[in-house]
>>> print(open('target_2.cif').read())   # mmCIF, C-alpha atoms and all ligand atoms
data_run
#
loop_
_atom_site.group_PDB
_atom_site.id
_atom_site.type_symbol
_atom_site.label_atom_id
_atom_site.label_comp_id
_atom_site.auth_asym_id
_atom_site.auth_seq_id
_atom_site.Cartn_x
_atom_site.Cartn_y
_atom_site.Cartn_z
ATOM 1 C CA MET A 8 0.000 0.000 0.000
ATOM 2 C CA ALA A 9 1.235 3.464 -0.938
ATOM 3 C CA THR A 10 -0.094 6.961 -0.297
ATOM 4 C CA TRP A 11 0.491 9.662 -2.893
ATOM 5 C CA ALA A 12 -0.299 13.365 -3.252
ATOM 6 C CA ILE A 13 -0.976 14.812 -6.708
ATOM 7 C CA GLY A 14 -0.926 18.500 -7.673
ATOM 8 C CA ASP A 15 -3.568 20.698 -9.310
ATOM 9 C CA VAL A 16 -5.447 18.685 -11.979
ATOM 10 C CA GLN A 17 -7.916 21.409 -13.076
ATOM 11 C CA GLY A 18 -9.864 19.219 -15.447
ATOM 12 C CA CYS A 19 -6.820 17.583 -17.086
ATOM 13 C CA SER A 20 -8.340 14.120 -16.900
ATOM 14 C CA ALA A 21 -6.149 12.430 -19.502
ATOM 15 C CA THR A 22 -2.969 13.555 -17.756
ATOM 16 C CA LEU A 23 -4.366 12.426 -14.404
ATOM 17 C CA LEU A 24 -5.148 8.954 -15.771
ATOM 18 C CA ARG A 25 -1.675 8.684 -17.269
ATOM 19 C CA LEU A 26 -0.065 9.744 -13.985
ATOM 20 C CA LEU A 27 -2.160 7.256 -11.965
ATOM 21 C CA ASP A 28 -0.941 4.591 -14.385
ATOM 22 C CA ALA A 29 2.676 5.802 -14.106
ATOM 23 C CA ILE A 30 2.640 5.475 -10.310
ATOM 24 C CA ASP A 31 0.676 2.198 -10.529
ATOM 25 C CA ALA A 32 -2.020 3.470 -8.162
ATOM 26 C CA ARG A 33 -4.506 0.676 -7.503
ATOM 27 C CA PRO A 34 -7.930 0.834 -5.839
ATOM 28 C CA GLY A 35 -8.138 -1.299 -2.734
ATOM 29 C CA ARG A 36 -4.403 -1.042 -2.139
ATOM 30 C CA ASP A 37 -3.233 2.562 -2.580
ATOM 31 C CA ARG A 38 -4.524 6.025 -1.721
ATOM 32 C CA VAL A 39 -4.092 9.215 -3.714
ATOM 33 C CA ILE A 40 -4.855 12.660 -2.314
ATOM 34 C CA LEU A 41 -5.452 15.405 -4.868
ATOM 35 C CA VAL A 42 -4.201 18.661 -3.420
ATOM 36 C CA GLY A 43 -7.161 20.759 -4.619
ATOM 37 C CA ASP A 44 -8.404 22.496 -7.787
ATOM 38 C CA LEU A 45 -9.611 19.263 -9.310
ATOM 39 C CA VAL A 46 -11.794 21.281 -11.659
ATOM 40 C CA ASN A 47 -11.986 24.396 -13.866
ATOM 41 C CA ARG A 48 -9.937 26.093 -16.587
ATOM 42 C CA GLY A 49 -9.008 22.710 -18.096
ATOM 43 C CA PRO A 50 -10.892 20.617 -20.666
ATOM 44 C CA ASN A 51 -12.563 17.803 -18.738
ATOM 45 C CA SER A 52 -13.477 18.592 -15.160
ATOM 46 C CA LEU A 53 -16.559 16.378 -15.404
ATOM 47 C CA ALA A 54 -14.384 13.326 -16.126
ATOM 48 C CA VAL A 55 -12.114 14.139 -13.179
ATOM 49 C CA LEU A 56 -15.034 14.296 -10.748
ATOM 50 C CA ARG A 57 -16.580 11.102 -12.152
ATOM 51 C CA LEU A 58 -13.277 9.298 -11.695
ATOM 52 C CA CYS A 59 -13.165 10.446 -8.052
ATOM 53 C CA ARG A 60 -16.798 9.524 -7.428
ATOM 54 C CA ASP A 61 -16.215 6.069 -8.968
ATOM 55 C CA GLN A 62 -12.963 5.326 -7.072
ATOM 56 C CA PRO A 63 -13.709 6.500 -3.524
ATOM 57 C CA SER A 64 -11.216 4.149 -1.885
ATOM 58 C CA LEU A 65 -8.399 5.342 -4.157
ATOM 59 C CA LEU A 66 -9.038 9.044 -4.700
ATOM 60 C CA HIS A 67 -9.344 11.689 -1.997
ATOM 61 C CA ALA A 68 -8.845 15.451 -2.008
ATOM 62 C CA VAL A 69 -8.506 18.696 -0.156
ATOM 63 C CA LEU A 70 -10.632 21.510 -1.549
ATOM 64 C CA GLY A 71 -9.164 24.278 -3.695
ATOM 65 C CA ASN A 72 -10.529 27.681 -4.657
ATOM 66 C CA HIS A 73 -11.914 26.374 -7.958
ATOM 67 C CA ASP A 74 -13.638 23.469 -6.174
ATOM 68 C CA LEU A 75 -15.289 25.923 -3.763
ATOM 69 C CA HIS A 76 -16.273 28.108 -6.728
ATOM 70 C CA LEU A 77 -18.048 25.115 -8.281
ATOM 71 C CA LEU A 78 -19.894 24.376 -5.013
ATOM 72 C CA GLY A 79 -20.837 28.059 -4.723
ATOM 73 C CA ARG A 80 -22.110 28.188 -8.296
ATOM 74 C CA ALA A 81 -24.151 25.027 -7.735
ATOM 75 C CA ILE A 82 -26.195 26.755 -5.030
ATOM 76 C CA GLY A 83 -26.402 30.111 -6.822
ATOM 77 C CA ALA A 84 -24.058 31.848 -4.377
ATOM 78 C CA GLN A 85 -21.420 32.679 -6.997
ATOM 79 C CA PRO A 86 -21.803 34.010 -10.554
ATOM 80 C CA ALA A 87 -20.149 32.244 -13.483
ATOM 81 C CA GLY A 88 -16.576 33.329 -14.118
ATOM 82 C CA GLY A 89 -15.606 34.300 -17.658
ATOM 83 C CA ARG A 90 -13.092 31.467 -17.949
ATOM 84 C CA ASP A 91 -15.143 28.790 -16.157
ATOM 85 C CA THR A 92 -15.141 25.344 -17.771
ATOM 86 C CA ILE A 93 -17.464 23.667 -15.267
ATOM 87 C CA ASP A 94 -20.877 24.151 -16.890
ATOM 88 C CA ASP A 95 -20.938 20.505 -18.012
ATOM 89 C CA ILE A 96 -20.738 19.411 -14.359
ATOM 90 C CA LEU A 97 -23.628 21.681 -13.389
ATOM 91 C CA ALA A 98 -25.693 20.275 -16.293
ATOM 92 C CA ALA A 99 -24.733 16.623 -15.749
ATOM 93 C CA PRO A 100 -27.435 14.061 -14.876
ATOM 94 C CA ASP A 101 -25.212 12.806 -12.031
ATOM 95 C CA ARG A 102 -24.316 16.274 -10.710
ATOM 96 C CA THR A 103 -25.878 15.572 -7.307
ATOM 97 C CA ASP A 104 -23.555 12.595 -6.705
ATOM 98 C CA LEU A 105 -20.511 14.420 -8.014
ATOM 99 C CA LEU A 106 -21.080 17.513 -5.898
ATOM 100 C CA ALA A 107 -21.870 15.358 -2.854
ATOM 101 C CA TRP A 108 -18.478 13.673 -3.173
ATOM 102 C CA LEU A 109 -16.719 17.024 -3.563
ATOM 103 C CA ARG A 110 -18.576 18.669 -0.671
ATOM 104 C CA GLU A 111 -17.363 15.964 1.719
ATOM 105 C CA GLN A 112 -13.686 16.656 1.082
ATOM 106 C CA PRO A 113 -11.863 18.643 3.785
ATOM 107 C CA LEU A 114 -9.844 21.851 3.510
ATOM 108 C CA LEU A 115 -6.945 20.385 5.469
ATOM 109 C CA ARG A 116 -5.922 16.799 6.102
ATOM 110 C CA ARG A 117 -3.128 14.930 7.800
ATOM 111 C CA GLU A 118 -1.381 11.870 6.397
ATOM 112 C CA GLY A 119 1.269 10.840 8.919
ATOM 113 C CA ARG A 120 3.765 13.708 9.135
ATOM 114 C CA PHE A 121 2.258 15.424 6.082
ATOM 115 C CA LEU A 122 -0.343 18.202 6.177
ATOM 116 C CA LEU A 123 -2.166 18.715 2.908
ATOM 117 C CA VAL A 124 -3.847 22.031 2.121
ATOM 118 C CA HIS A 125 -4.496 23.612 -1.284
ATOM 119 C CA ALA A 126 -2.856 27.026 -0.833
ATOM 120 C CA GLY A 127 -1.367 27.365 2.636
ATOM 121 C CA LEU A 128 -1.885 28.364 6.262
ATOM 122 C CA TRP A 129 -2.185 31.735 7.975
ATOM 123 C CA PRO A 130 1.169 32.876 9.440
ATOM 124 C CA THR A 131 0.079 32.709 13.088
ATOM 125 C CA TRP A 132 -1.970 29.509 13.187
ATOM 126 C CA THR A 133 -0.631 26.516 15.020
ATOM 127 C CA VAL A 134 -1.464 23.243 13.334
ATOM 128 C CA ALA A 135 -4.065 22.483 16.016
ATOM 129 C CA GLU A 136 -5.738 25.863 15.444
ATOM 130 C CA ALA A 137 -5.717 25.305 11.700
ATOM 131 C CA PHE A 138 -7.542 21.981 12.083
ATOM 132 C CA ALA A 139 -10.146 23.487 14.424
ATOM 133 C CA LEU A 140 -10.778 26.409 12.074
ATOM 134 C CA ALA A 141 -10.922 24.093 9.063
ATOM 135 C CA ALA A 142 -13.506 21.897 10.774
ATOM 136 C CA ALA A 143 -15.816 24.864 11.370
ATOM 137 C CA ALA A 144 -15.525 25.943 7.739
ATOM 138 C CA GLU A 145 -16.040 22.385 6.447
ATOM 139 C CA GLU A 146 -19.297 22.168 8.368
ATOM 140 C CA LEU A 147 -20.605 25.225 6.496
ATOM 141 C CA ILE A 148 -19.364 23.865 3.172
ATOM 142 C CA ARG A 149 -21.212 20.591 3.802
ATOM 143 C CA SER A 150 -24.419 22.425 4.670
ATOM 144 C CA ASP A 151 -24.311 24.606 1.513
ATOM 145 C CA ASP A 152 -24.297 27.724 3.698
ATOM 146 C CA LEU A 153 -25.176 30.689 1.450
ATOM 147 C CA THR A 154 -23.653 33.348 3.703
ATOM 148 C CA PHE A 155 -20.366 31.461 3.808
ATOM 149 C CA HIS A 156 -20.216 31.015 0.037
ATOM 150 C CA ARG A 157 -21.195 34.619 -0.697
ATOM 151 C CA ARG A 158 -18.464 35.972 1.616
ATOM 152 C CA LEU A 159 -15.788 33.635 0.337
ATOM 153 C CA ARG A 160 -14.691 35.691 -2.657
ATOM 154 C CA GLU A 161 -14.244 38.994 -0.798
ATOM 155 C CA SER A 162 -12.585 37.475 2.281
ATOM 156 C CA ALA A 163 -8.872 38.257 2.435
ATOM 157 C CA ARG A 164 -7.606 37.271 5.877
ATOM 158 C CA ASP A 165 -8.306 35.338 9.043
ATOM 159 C CA ASP A 166 -10.012 37.761 11.412
ATOM 160 C CA PRO A 167 -10.480 36.347 14.941
ATOM 161 C CA ALA A 168 -12.852 39.266 15.704
ATOM 162 C CA LEU A 169 -15.392 37.676 13.353
ATOM 163 C CA ASP A 170 -17.342 34.529 14.060
ATOM 164 C CA GLY A 171 -19.627 32.058 12.343
ATOM 165 C CA ALA A 172 -19.786 32.118 8.538
ATOM 166 C CA ALA A 173 -17.844 35.391 8.361
ATOM 167 C CA ARG A 174 -14.721 34.018 10.015
ATOM 168 C CA ALA A 175 -15.090 30.627 8.327
ATOM 169 C CA ALA A 176 -15.126 32.311 4.908
ATOM 170 C CA GLY A 177 -11.842 34.035 5.768
ATOM 171 C CA VAL A 178 -10.344 30.748 6.922
ATOM 172 C CA ALA A 179 -11.402 28.968 3.728
ATOM 173 C CA ALA A 180 -10.132 31.885 1.614
ATOM 174 C CA VAL A 181 -6.739 31.586 3.310
ATOM 175 C CA MET A 182 -6.516 27.809 2.939
ATOM 176 C CA THR A 183 -7.537 27.888 -0.736
ATOM 177 C CA ARG A 184 -6.130 31.190 -2.070
ATOM 178 C CA ILE A 185 -3.166 32.394 0.003
ATOM 179 C CA ARG A 186 0.082 33.142 -1.830
ATOM 180 C CA ALA A 187 1.538 36.496 -0.806
ATOM 181 C CA LEU A 188 0.325 38.864 1.898
ATOM 182 C CA ASP A 189 0.591 42.645 1.551
ATOM 183 C CA ALA A 190 1.749 45.108 4.207
ATOM 184 C CA THR A 191 -1.718 45.078 5.834
ATOM 185 C CA LEU A 192 -1.574 41.257 6.058
ATOM 186 C CA SER A 193 -4.304 40.774 3.461
ATOM 187 C CA LEU A 194 -4.216 38.240 0.651
ATOM 188 C CA HIS A 195 -2.635 39.876 -2.400
ATOM 189 C CA ARG A 196 -3.699 39.089 -5.972
ATOM 190 C CA PHE A 197 -0.102 38.475 -7.027
ATOM 191 C CA SER A 198 0.368 34.986 -8.462
ATOM 192 C CA GLY A 199 3.665 35.229 -10.320
ATOM 193 C CA ASP A 200 7.237 34.175 -9.804
ATOM 194 C CA LEU A 201 8.798 34.923 -6.399
ATOM 195 C CA ALA A 202 11.402 37.065 -8.161
ATOM 196 C CA ASP A 203 8.617 39.455 -9.238
ATOM 197 C CA LEU A 204 6.983 39.824 -5.824
ATOM 198 C CA PRO A 205 5.536 43.369 -5.478
ATOM 199 C CA ALA A 206 7.142 45.684 -2.919
ATOM 200 C CA GLY A 207 5.691 45.190 0.555
ATOM 201 C CA CYS A 208 4.431 41.650 -0.186
ATOM 202 C CA GLN A 209 5.751 38.474 1.358
ATOM 203 C CA PRO A 210 4.954 34.823 0.666
ATOM 204 C CA TRP A 211 2.844 33.229 3.392
ATOM 205 C CA PHE A 212 5.483 30.598 4.091
ATOM 206 C CA ASP A 213 8.214 33.176 4.794
ATOM 207 C CA LEU A 214 5.906 35.031 7.204
ATOM 208 C CA ARG A 215 4.975 31.774 8.856
ATOM 209 C CA ARG A 216 8.568 30.674 9.303
ATOM 210 C CA ALA A 217 9.433 34.113 10.700
ATOM 211 C CA ARG A 218 6.693 33.853 13.321
ATOM 212 C CA LEU A 219 6.692 30.171 14.212
ATOM 213 C CA GLY A 220 10.233 29.104 13.361
ATOM 214 C CA SER A 221 8.912 26.336 11.135
ATOM 215 C CA LEU A 222 5.935 26.071 8.856
ATOM 216 C CA ALA A 223 4.299 23.125 10.458
ATOM 217 C CA ASP A 224 5.497 22.292 13.948
ATOM 218 C CA GLY A 225 7.800 19.544 12.711
ATOM 219 C CA ASP A 226 5.526 18.326 9.940
ATOM 220 C CA VAL A 227 5.734 18.847 6.185
ATOM 221 C CA ILE A 228 3.056 20.977 4.506
ATOM 222 C CA ILE A 229 2.118 19.951 0.951
ATOM 223 C CA THR A 230 0.443 22.610 -1.204
ATOM 224 C CA GLY A 231 -0.655 23.254 -4.783
ATOM 225 C CA HIS A 232 -2.197 26.507 -6.060
ATOM 226 C CA TRP A 233 0.911 28.575 -6.834
ATOM 227 C CA ALA A 234 1.955 27.264 -10.237
ATOM 228 C CA ALA A 235 4.551 29.992 -10.796
ATOM 229 C CA LEU A 236 6.513 28.822 -7.748
ATOM 230 C CA GLY A 237 7.342 25.681 -9.645
ATOM 231 C CA LEU A 238 7.944 22.406 -7.857
ATOM 232 C CA MET A 239 9.622 23.162 -4.548
ATOM 233 C CA ARG A 240 10.913 20.778 -1.918
ATOM 234 C CA LYS A 241 12.038 22.147 1.423
ATOM 235 C CA ALA A 242 12.363 20.383 4.765
ATOM 236 C CA ASP A 243 8.980 21.669 5.968
ATOM 237 C CA HIS A 244 7.142 22.440 2.692
ATOM 238 C CA TRP A 245 6.618 20.695 -0.635
ATOM 239 C CA ALA A 246 4.891 22.715 -3.388
ATOM 240 C CA ILE A 247 3.592 20.351 -6.068
ATOM 241 C CA ASP A 248 1.574 22.383 -8.597
ATOM 242 C CA GLY A 249 3.389 21.705 -11.867
ATOM 243 C CA GLY A 250 1.064 24.003 -13.845
ATOM 244 C CA CYS A 251 -0.596 21.177 -15.793
ATOM 245 C CA VAL A 252 -3.511 23.309 -16.994
ATOM 246 C CA TRP A 253 -0.971 25.814 -18.342
ATOM 247 C CA GLY A 254 0.566 23.095 -20.485
ATOM 248 C CA ARG A 255 3.337 22.145 -18.092
ATOM 249 C CA SER A 256 3.282 19.067 -15.851
ATOM 250 C CA LEU A 257 1.334 17.081 -13.286
ATOM 251 C CA CYS A 258 3.287 15.908 -10.277
ATOM 252 C CA ALA A 259 2.809 13.026 -7.824
ATOM 253 C CA VAL A 260 4.787 12.647 -4.600
ATOM 254 C CA CYS A 261 4.904 9.437 -2.599
ATOM 255 C CA LEU A 262 4.344 10.088 1.102
ATOM 256 C CA ASP A 263 5.963 6.764 2.060
ATOM 257 C CA ASP A 264 9.350 7.031 0.365
ATOM 258 C CA GLY A 265 9.493 10.635 -0.932
ATOM 259 C CA ARG A 266 9.587 9.726 -4.648
ATOM 260 C CA TRP A 267 8.475 12.477 -7.057
ATOM 261 C CA VAL A 268 6.962 11.493 -10.410
ATOM 262 C CA GLU A 269 6.255 14.260 -12.937
ATOM 263 C CA ILE A 270 4.661 13.853 -16.361
ATOM 264 C CA ASP A 271 3.994 16.371 -19.122
ATOM 265 C CA CYS A 272 0.442 17.585 -19.683
ATOM 266 C CA ILE A 273 -1.284 15.632 -22.477
ATOM 267 C CA ASP A 274 -4.656 17.392 -22.271
ATOM 268 C CA ALA A 275 -5.824 20.032 -24.730
ATOM 269 C CA VAL A 276 -5.369 23.005 -22.414
ATOM 270 C CA PRO A 277 -6.385 26.584 -23.241
ATOM 271 C CA ALA A 278 -3.923 28.932 -24.936
ATOM 272 C CA HIS A 279 -1.740 30.647 -22.374
ATOM 273 C CA GLN A 280 -2.152 34.171 -23.745
ATOM 274 C CA GLY A 281 0.887 35.218 -21.770
ATOM 275 C CA ARG A 282 -0.553 34.064 -18.445
ATOM 276 C CA ARG A 283 1.633 31.674 -16.575
ATOM 277 C CA VAL A 284 -0.544 30.801 -13.633
ATOM 278 C CA PRO A 285 -4.227 30.186 -12.761
HETATM 279 MN MN MN A 301 -5.956 27.261 -6.680
#
>>> encode(input="target_2.cif", output="structure tokens", more="lines below")
Ligand SMILES: [Mn+2]
Amino acid sequence: MATWAIGDVQGCSATLLRLLDAIDARPGRDRVILVGDLVNRGPNSLAVLRLCRDQPSLLHAVLGNHDLHLLGRAIGAQPAGGRDTIDDILAAPDRTDLLAWLREQPLLRREGRFLLVHAGLWPTWTVAEAFALAAAAEELIRSDDLTFHRRLRESARDDPALDGAARAAGVAAVMTRIRALDATLSLHRFSGDLADLPAGCQPWFDLRRARLGSLADGDVIITGHWAALGLMRKADHWAIDGGCVWGRSLCAVCLDDGRWVEIDCIDAVPAHQGRRVP
């Protein structure tokens, strides 16, 4: 039995199938955790969700910002985005099953010494706090809470002065969208290469190391979401978004022996138009 983590699939179902074959992932024996953004931007998000729904012992996930966007659209809490490629899921005859599977996935999960979260953690959270905050947000996700979903997009920080759906939306925004924080400690829109970081901004993981000494209290955090970072392997943080939907690669890491397996994207992904990251 092996446990793997795989980076942002974003509807690249053919590449995902090829990677599962390359790592010889077998239902009933192995487990694969997708690190969020299973859907959107890419060509076949419906096939990705059907694969997950049909292989529940093999495939697991943490939720990404695009997954939450799909759940928000499904209940009318979010408008369609101009580059959405998830309408076929919303129109599918089996959409109820597919969304039910997705809705049950957590924001944060532990596999041994590994913590898996789509984007990252707030600089001041301990791991125990992060799990408690994630649990409160997951409860609202599972109950299709409209207030939570409507606040998600404009939330830009964890604010302990808030409570209920308002704080939970900030927590989920952090876990699914954090990259750099600006001087006011709000999520910044920047998604490029670290070398191009705007003045006054810092990556969440540098702020977190500065405050806590390590990212994860002795554990290793595994994230996707920041394609322009490239694949990054540090003692306390592995970033595994290979930018598949931008025509680059999909990456799997084995949590048992540390092997990395990376394959080129074989899906028909949209033209880049100069954009390098989701
Ligand atoms: Mn993302």
>>> closest_atom_pairs(input="target_2.cif", of="chain A", to="ligand MN 301 (chain A)", cutoff="10 Å", atoms="only C-alpha atoms and all ligand atoms", output="Markdown table")
| residue | atom | partner | partner_atom | distance |
| --- | --- | --- | --- | --- |
| A:Asp15 | CA | A:MN301 | MN | 7.5 |
| A:Gln17 | CA | A:MN301 | MN | 8.9 |
| A:Val42 | CA | A:MN301 | MN | 9.4 |
| A:Gly43 | CA | A:MN301 | MN | 6.9 |
| A:Asp44 | CA | A:MN301 | MN | 5.5 |
| A:Leu45 | CA | A:MN301 | MN | 9.2 |
| A:Val46 | CA | A:MN301 | MN | 9.7 |
| A:Asn47 | CA | A:MN301 | MN | 9.8 |
| A:Leu70 | CA | A:MN301 | MN | 9.0 |
| A:Gly71 | CA | A:MN301 | MN | 5.3 |
| A:Asn72 | CA | A:MN301 | MN | 5.0 |
| A:His73 | CA | A:MN301 | MN | 6.2 |
| A:Asp74 | CA | A:MN301 | MN | 8.6 |
| A:Leu75 | CA | A:MN301 | MN | 9.9 |
| A:His125 | CA | A:MN301 | MN | 6.7 |
| A:Ala126 | CA | A:MN301 | MN | 6.6 |
| A:Met182 | CA | A:MN301 | MN | 9.7 |
| A:Thr183 | CA | A:MN301 | MN | 6.2 |
| A:Arg184 | CA | A:MN301 | MN | 6.1 |
| A:Ile185 | CA | A:MN301 | MN | 8.9 |
| A:Arg186 | CA | A:MN301 | MN | 9.7 |
| A:Thr230 | CA | A:MN301 | MN | 9.6 |
| A:Gly231 | CA | A:MN301 | MN | 6.9 |
| A:His232 | CA | A:MN301 | MN | 3.9 |
| A:Trp233 | CA | A:MN301 | MN | 7.0 |
| A:Ala234 | CA | A:MN301 | MN | 8.7 |
| A:Asp248 | CA | A:MN301 | MN | 9.2 |
| A:Val284 | CA | A:MN301 | MN | 9.5 |
| A:Pro285 | CA | A:MN301 | MN | 7.0 |
>>> atom_distance(input="target_2.cif", atom1="atom CA of A:Ala54", atom2="atom CA of A:Ala142")
28.2 Å
>>> resolve_selection(input="target_2.cif", expression="the PyMOL selection byres (((chain A and resi 152-155) around 12) and not hetatm)", output="NGL selection string")
:A and (75-76 or 78-85 or 110 or 143-151 or 156-162 or 170-180)
>>> closest_residue(input="target_2.cif", among="A:Glu111, A:Asp226, A:Asp271, A:Asp189", to="A:Trp211", atoms="all atoms listed in the file")
A:Asp189
>>> residues_around(input="target_2.cif", residues="A:Leu66", least_positions_apart="4", cutoff="6 Å", atoms="all atoms listed in the file", output="PyMOL selection string")
chain A and resi 39+59+62
>>> write_last_selection(input="target_2.cif", atoms="C-alpha atoms", output="short mmCIF file (atom, residue, chain, number, x, y, z; two decimals), in the coordinates of the input")
data_model
loop_
_atom_site.label_atom_id
_atom_site.label_comp_id
_atom_site.auth_asym_id
_atom_site.auth_seq_id
_atom_site.Cartn_x
_atom_site.Cartn_y
_atom_site.Cartn_z
CA VAL A 39 -4.09 9.22 -3.71
CA CYS A 59 -13.16 10.45 -8.05
CA GLN A 62 -12.96 5.33 -7.07
#
>>> atom_distance(input="target_2.cif", atom1="atom CA of A:Pro277", atom2="atom CA of A:Val252")
7.6 Å
>>> closest_residue(input="target_2.cif", among="A:Val124, A:Leu56, A:Leu214, A:Leu77", to="A:Asp94", atoms="only C-alpha atoms")
A:Leu77
>>> residues_around(input="target_2.cif", residues="A:Thr191", least_positions_apart="4", cutoff="12 Å", atoms="only C-alpha atoms", output="list of chain:residue names")
A:Ala163, A:Arg164, A:Ala187, A:His195, A:Gly207, A:Cys208, A:Gln209
>>> resolve_selection(input="target_2.cif", expression="the PyMOL selection byres (((chain A and resi 88-93) around 8) and not hetatm)", output="list in words")
Val46, Asn47, Arg48, Gly49, Pro50, Ser52, Leu53, Leu77, Pro86, Ala87, Asp94, Asp95, Ile96 and Leu97 of chain A
>>> residues_near_point(input="target_2.cif", point="(-4.4, 13.4, 5.3)", cutoff="9 Å", atoms="all atoms listed in the file", output="number ranges by chain")
A: 40, 67-69, 115-119, 121-123
>>> write_last_selection(input="target_2.cif", atoms="C-alpha atoms", output="PDB file, keeping the file's coordinate frame")
ATOM      1  CA  ILE A  40      -4.855  12.660  -2.314  1.00  0.00           C
ATOM      2  CA  HIS A  67      -9.344  11.689  -1.997  1.00  0.00           C
ATOM      3  CA  ALA A  68      -8.845  15.451  -2.008  1.00  0.00           C
ATOM      4  CA  VAL A  69      -8.506  18.696  -0.156  1.00  0.00           C
ATOM      5  CA  LEU A 115      -6.945  20.385   5.469  1.00  0.00           C
ATOM      6  CA  ARG A 116      -5.922  16.799   6.102  1.00  0.00           C
ATOM      7  CA  ARG A 117      -3.128  14.930   7.800  1.00  0.00           C
ATOM      8  CA  GLU A 118      -1.381  11.870   6.397  1.00  0.00           C
ATOM      9  CA  GLY A 119       1.269  10.840   8.919  1.00  0.00           C
ATOM     10  CA  PHE A 121       2.258  15.424   6.082  1.00  0.00           C
ATOM     11  CA  LEU A 122      -0.343  18.202   6.177  1.00  0.00           C
ATOM     12  CA  LEU A 123      -2.166  18.715   2.908  1.00  0.00           C
TER      13      LEU A 123
END
>>> closest_residue(input="target_2.cif", among="A:Gln112, A:Leu236, A:Gly18, A:Leu26", to="A:Glu269", atoms="all atoms listed in the file")
A:Leu26
>>> atom_distance(input="target_2.cif", atom1="atom CA of A:Ala32", atom2="atom CA of A:Met239")
23.2 Å
>>> closest_residue(input="target_2.cif", among="A:Cys272, A:Leu58, A:Ile228, A:Ile30", to="A:Leu128", atoms="all atoms listed in the file")
A:Ile228
>>> closest_residue(input="target_2.cif", among="A:Ile229, A:Ala242, A:Ala235, A:Ala168", to="A:Ser198", atoms="only C-alpha atoms")
A:Ala235
>>> axis_aligned_box(input="target_2.cif", around="stretch 38-41 of chain A", padding_each_side="5 Å", output="AutoDock Vina command-line options")
--center_x -4.8 --center_y 10.7 --center_z -3.3 --size_x 11.4 --size_y 19.4 --size_z 13.1
>>> closest_residue(input="target_2.cif", among="A:Thr131, A:Leu109, A:Gly14, A:Arg33", to="A:Arg218", atoms="all atoms listed in the file")
A:Thr131
>>> decode(input="target_2.cif", residues="stretch 162-174 of chain A", atoms="N, CA and C atoms", output="PDB file, in the first residue's frame")
ATOM      1  N   SER A 162     -13.386  37.667   1.067  1.00  0.00           N
ATOM      2  CA  SER A 162     -12.585  37.475   2.281  1.00  0.00           C
ATOM      3  C   SER A 162     -11.100  37.458   1.933  1.00  0.00           C
ATOM      4  N   ALA A 163     -10.293  38.121   2.775  1.00  0.00           N
ATOM      5  CA  ALA A 163      -8.872  38.257   2.435  1.00  0.00           C
ATOM      6  C   ALA A 163      -7.940  38.011   3.609  1.00  0.00           C
ATOM      7  N   ARG A 164      -8.480  37.521   4.724  1.00  0.00           N
ATOM      8  CA  ARG A 164      -7.606  37.271   5.877  1.00  0.00           C
ATOM      9  C   ARG A 164      -8.369  36.436   6.894  1.00  0.00           C
ATOM     10  N   ASP A 165      -7.616  35.896   7.882  1.00  0.00           N
ATOM     11  CA  ASP A 165      -8.306  35.338   9.043  1.00  0.00           C
ATOM     12  C   ASP A 165      -8.483  36.457  10.054  1.00  0.00           C
ATOM     13  N   ASP A 166      -9.720  36.702  10.447  1.00  0.00           N
ATOM     14  CA  ASP A 166     -10.012  37.761  11.412  1.00  0.00           C
ATOM     15  C   ASP A 166     -10.689  37.151  12.637  1.00  0.00           C
ATOM     16  N   PRO A 167      -9.918  36.976  13.731  1.00  0.00           N
ATOM     17  CA  PRO A 167     -10.480  36.347  14.941  1.00  0.00           C
ATOM     18  C   PRO A 167     -11.612  37.162  15.567  1.00  0.00           C
ATOM     19  N   ALA A 168     -11.749  38.448  15.166  1.00  0.00           N
ATOM     20  CA  ALA A 168     -12.852  39.266  15.704  1.00  0.00           C
ATOM     21  C   ALA A 168     -14.193  38.854  15.102  1.00  0.00           C
ATOM     22  N   LEU A 169     -14.149  38.141  13.983  1.00  0.00           N
ATOM     23  CA  LEU A 169     -15.392  37.676  13.353  1.00  0.00           C
ATOM     24  C   LEU A 169     -15.757  36.308  13.911  1.00  0.00           C
ATOM     25  N   ASP A 170     -16.986  35.906  13.693  1.00  0.00           N
ATOM     26  CA  ASP A 170     -17.342  34.529  14.060  1.00  0.00           C
ATOM     27  C   ASP A 170     -18.302  33.954  13.016  1.00  0.00           C
ATOM     28  N   GLY A 171     -18.680  32.714  13.228  1.00  0.00           N
ATOM     29  CA  GLY A 171     -19.627  32.058  12.343  1.00  0.00           C
ATOM     30  C   GLY A 171     -19.146  32.024  10.898  1.00  0.00           C
ATOM     31  N   ALA A 172     -20.096  32.232   9.961  1.00  0.00           N
ATOM     32  CA  ALA A 172     -19.786  32.118   8.538  1.00  0.00           C
ATOM     33  C   ALA A 172     -18.772  33.166   8.098  1.00  0.00           C
ATOM     34  N   ALA A 173     -18.761  34.330   8.769  1.00  0.00           N
ATOM     35  CA  ALA A 173     -17.844  35.391   8.361  1.00  0.00           C
ATOM     36  C   ALA A 173     -16.392  34.974   8.604  1.00  0.00           C
ATOM     37  N   ARG A 174     -16.094  34.447   9.781  1.00  0.00           N
ATOM     38  CA  ARG A 174     -14.721  34.018  10.015  1.00  0.00           C
ATOM     39  C   ARG A 174     -14.386  32.789   9.176  1.00  0.00           C
TER      40      ARG A 174
END
